[in-house]
Amino acid sequence: MEKTFVMLKPDAVQRGLVGEITSRFERKGLRLAGAKMIWLKDSQLDEHYSQYLGKEFFPRLKEFMGACPVLAMVWEGKDAVKVVRTLCGLTNGREALPGTIRGDYGMSLQCNLVHASDSLQTAEREISRFFAKEELFAYGDALSEYRYAKDER
Ligand code: ADP
């Protein structure tokens, strides 16, 4: 099954929304393959947001993301990358649709609660950046036949 990388940002941690947000992924039918709290180092932030190096908001974004620990997770499921991005909603909380995480809980472009990999390639890169192999768990899905039809498993 496809895996994707998710990070609950400092605003989610500070606002006590970790449980709310995580439960959305669980209820959707995604499965947790790994989770840990980390305090992002300067070098990790530079690497994770390297595409925005030079943008005026880059220092602000780094300051925000490094201000307190985040919850890094790997979620698994069919088309997990796309499904998680849909659950998160548009980047700007003010534009994200109600029913999405950012649409329901946020008012900000920067403080938008959650990071989710934007492609399969990115997911593979981000998972290996933040998780060692032994920190990811493969375990039987007792409800698989109720989550997916035979041809979807
Ligand atoms: P997404 O997280 O939806 O994939 P992007 O990859 O475009 O969005 O941006 C990464 C993160 O950088 C966003 O989630 C947001 O926290 C922050 N960000 C993006 N654009 C801005 C901006 N103009 N000002 C401040 N923060 C921004």
# chains A, B, ... in the order shown; residues from 1 in each chain; ligands from 1

call {"tool": "select_by_dssp", "arguments": {"residues": "segment 60-150 of chain A", "states": "strand (DSSP E)", "output": "PyMOL selection string"}}
result
chain A and resi 70-77+114-116

call {"tool": "write_last_selection", "arguments": {"atoms": "all heavy atoms", "output": "short mmCIF file (atom, residue, chain, number, x, y, z; two decimals), in the first residue's frame"}}
result
data_model
loop_
_atom_site.label_atom_id
_atom_site.label_comp_id
_atom_site.auth_asym_id
_atom_site.auth_seq_id
_atom_site.Cartn_x
_atom_site.Cartn_y
_atom_site.Cartn_z
N VAL A 70 7.01 19.11 16.50
CA VAL A 70 5.94 18.73 15.57
C VAL A 70 5.72 17.23 15.70
O VAL A 70 6.55 16.53 16.29
CB VAL A 70 6.32 19.07 14.11
CG1 VAL A 70 6.54 20.57 13.94
CG2 VAL A 70 7.57 18.30 13.67
N LEU A 71 4.61 16.75 15.17
CA LEU A 71 4.36 15.31 15.17
C LEU A 71 4.52 14.80 13.75
O LEU A 71 3.75 15.18 12.85
CB LEU A 71 2.96 14.98 15.70
CG LEU A 71 2.70 13.49 15.87
CD1 LEU A 71 3.52 12.92 17.04
CD2 LEU A 71 1.22 13.19 16.09
N ALA A 72 5.55 13.99 13.54
CA ALA A 72 5.80 13.41 12.22
C ALA A 72 5.13 12.04 12.15
O ALA A 72 5.21 11.26 13.10
CB ALA A 72 7.30 13.27 11.99
N MET A 73 4.44 11.79 11.03
CA MET A 73 3.72 10.52 10.91
C MET A 73 3.82 9.99 9.49
O MET A 73 4.04 10.75 8.54
CB MET A 73 2.22 10.73 11.21
CG MET A 73 1.92 11.23 12.60
SD MET A 73 0.14 11.37 12.90
CE MET A 73 -0.19 12.90 12.06
N VAL A 74 3.64 8.69 9.37
CA VAL A 74 3.51 8.08 8.05
C VAL A 74 2.17 7.36 8.03
O VAL A 74 1.86 6.58 8.93
CB VAL A 74 4.66 7.08 7.78
CG1 VAL A 74 4.44 6.35 6.47
CG2 VAL A 74 6.00 7.81 7.76
N TRP A 75 1.36 7.71 7.03
CA TRP A 75 0.04 7.09 6.88
C TRP A 75 0.04 6.25 5.60
O TRP A 75 0.66 6.63 4.60
CB TRP A 75 -1.06 8.16 6.83
CG TRP A 75 -1.29 8.78 8.17
CD1 TRP A 75 -0.70 9.90 8.68
CD2 TRP A 75 -2.16 8.29 9.21
NE1 TRP A 75 -1.15 10.15 9.96
CE2 TRP A 75 -2.04 9.18 10.30
CE3 TRP A 75 -3.02 7.19 9.31
CZ2 TRP A 75 -2.76 9.01 11.49
CZ3 TRP A 75 -3.74 7.02 10.50
CH2 TRP A 75 -3.61 7.91 11.57
N GLU A 76 -0.72 5.19 5.65
CA GLU A 76 -0.69 4.20 4.58
C GLU A 76 -2.10 3.90 4.09
O GLU A 76 -3.03 3.86 4.88
CB GLU A 76 -0.07 2.92 5.17
CG GLU A 76 0.31 1.88 4.17
CD GLU A 76 1.05 0.75 4.87
OE1 GLU A 76 0.42 0.07 5.70
OE2 GLU A 76 2.25 0.59 4.61
N GLY A 77 -2.22 3.68 2.80
CA GLY A 77 -3.52 3.30 2.23
C GLY A 77 -3.47 3.39 0.72
O GLY A 77 -2.48 3.88 0.16
N VAL A 114 -0.93 21.48 9.03
CA VAL A 114 -0.48 20.16 8.60
C VAL A 114 0.36 20.24 7.33
O VAL A 114 0.09 21.06 6.45
CB VAL A 114 -1.72 19.24 8.43
CG1 VAL A 114 -2.67 19.75 7.37
CG2 VAL A 114 -1.35 17.80 8.14
N HIS A 115 1.39 19.42 7.29
CA HIS A 115 2.14 19.22 6.05
C HIS A 115 1.82 17.83 5.53
O HIS A 115 1.73 16.88 6.30
CB HIS A 115 3.65 19.31 6.31
CG HIS A 115 4.45 18.76 5.15
ND1 HIS A 115 4.74 19.51 4.04
CD2 HIS A 115 4.95 17.51 4.92
CE1 HIS A 115 5.41 18.76 3.17
NE2 HIS A 115 5.55 17.54 3.67
N ALA A 116 1.66 17.72 4.22
CA ALA A 116 1.45 16.40 3.61
C ALA A 116 2.21 16.35 2.29
O ALA A 116 2.18 17.30 1.51
CB ALA A 116 -0.04 16.16 3.37
#

call {"tool": "closest_atom_pairs", "arguments": {"of": "chain A", "to": "ligand 1", "cutoff": "8 Å", "atoms": "only C-alpha atoms and all ligand atoms", "output": "CSV"}}
result
residue,atom,partner,partner_atom_place_in_ligand_line,distance
A:Tyr49,CA,ligand 1,10 (C),7.2
A:Tyr52,CA,ligand 1,12 (O),7.9
A:Glu56,CA,ligand 1,24 (N),8.0
A:Phe57,CA,ligand 1,24 (N),5.0
A:Phe58,CA,ligand 1,26 (N),7.3
A:Arg60,CA,ligand 1,25 (C),7.1
A:Leu61,CA,ligand 1,26 (N),5.6
A:Arg85,CA,ligand 1,3 (O),7.9
A:Gly89,CA,ligand 1,3 (O),7.6
A:Leu90,CA,ligand 1,3 (O),5.9
A:Thr91,CA,ligand 1,3 (O),3.8
A:Asn92,CA,ligand 1,3 (O),7.5
A:Leu109,CA,ligand 1,26 (N),5.6
A:Gln110,CA,ligand 1,26 (N),3.7
A:Cys111,CA,ligand 1,16 (O),5.6
A:Asn112,CA,ligand 1,16 (O),5.6
A:Leu113,CA,ligand 1,16 (O),7.8
A:Val114,CA,ligand 1,14 (O),7.0
A:His115,CA,ligand 1,2 (O),5.2
A:Ala116,CA,ligand 1,2 (O),6.5
A:Ser117,CA,ligand 1,4 (O),7.0
A:Asp118,CA,ligand 1,4 (O),6.1

call {"tool": "atom_distance", "arguments": {"atom1": "atom CA of Val84 of chain A", "atom2": "atom CA of Phe130 of chain A"}}
result
18.0 Å

call {"tool": "residues_around", "arguments": {"residues": "Asp79 of chain A", "least_positions_apart": "4", "cutoff": "9 Å", "atoms": "only C-alpha atoms", "output": "compact mmCIF listing (two decimals) with N, CA and C atoms, in the first residue's frame"}}
result
# COMPACT_ATOMS: atom_id res chain seq x y z
N MET A 1 0.85 -1.21 0.00
CA MET A 1 0.00 0.00 0.00
C MET A 1 0.88 1.26 0.00
N GLU A 2 0.32 2.29 -0.59
CA GLU A 2 1.08 3.56 -0.70
C GLU A 2 1.25 4.22 0.69
N LYS A 3 2.40 4.84 0.86
CA LYS A 3 2.66 5.56 2.12
C LYS A 3 2.86 7.04 1.83
N VAL A 83 -5.17 11.09 -1.22
CA VAL A 83 -6.26 11.09 -0.22
C VAL A 83 -5.92 12.06 0.93
N VAL A 84 -4.69 12.01 1.41
CA VAL A 84 -4.29 12.88 2.53
C VAL A 84 -4.29 14.35 2.10

call {"tool": "residues_around", "arguments": {"residues": "Leu40 of chain A", "least_positions_apart": "5", "cutoff": "9 Å", "atoms": "only C-alpha atoms", "output": "PyMOL selection string"}}
result
chain A and resi 45+65-70

call {"tool": "closest_residue", "arguments": {"among": "A:Lys41, A:Ala80, A:Glu95, A:Gly19", "to": "Val6 of chain A", "atoms": "only C-alpha atoms"}}
result
A:Ala80
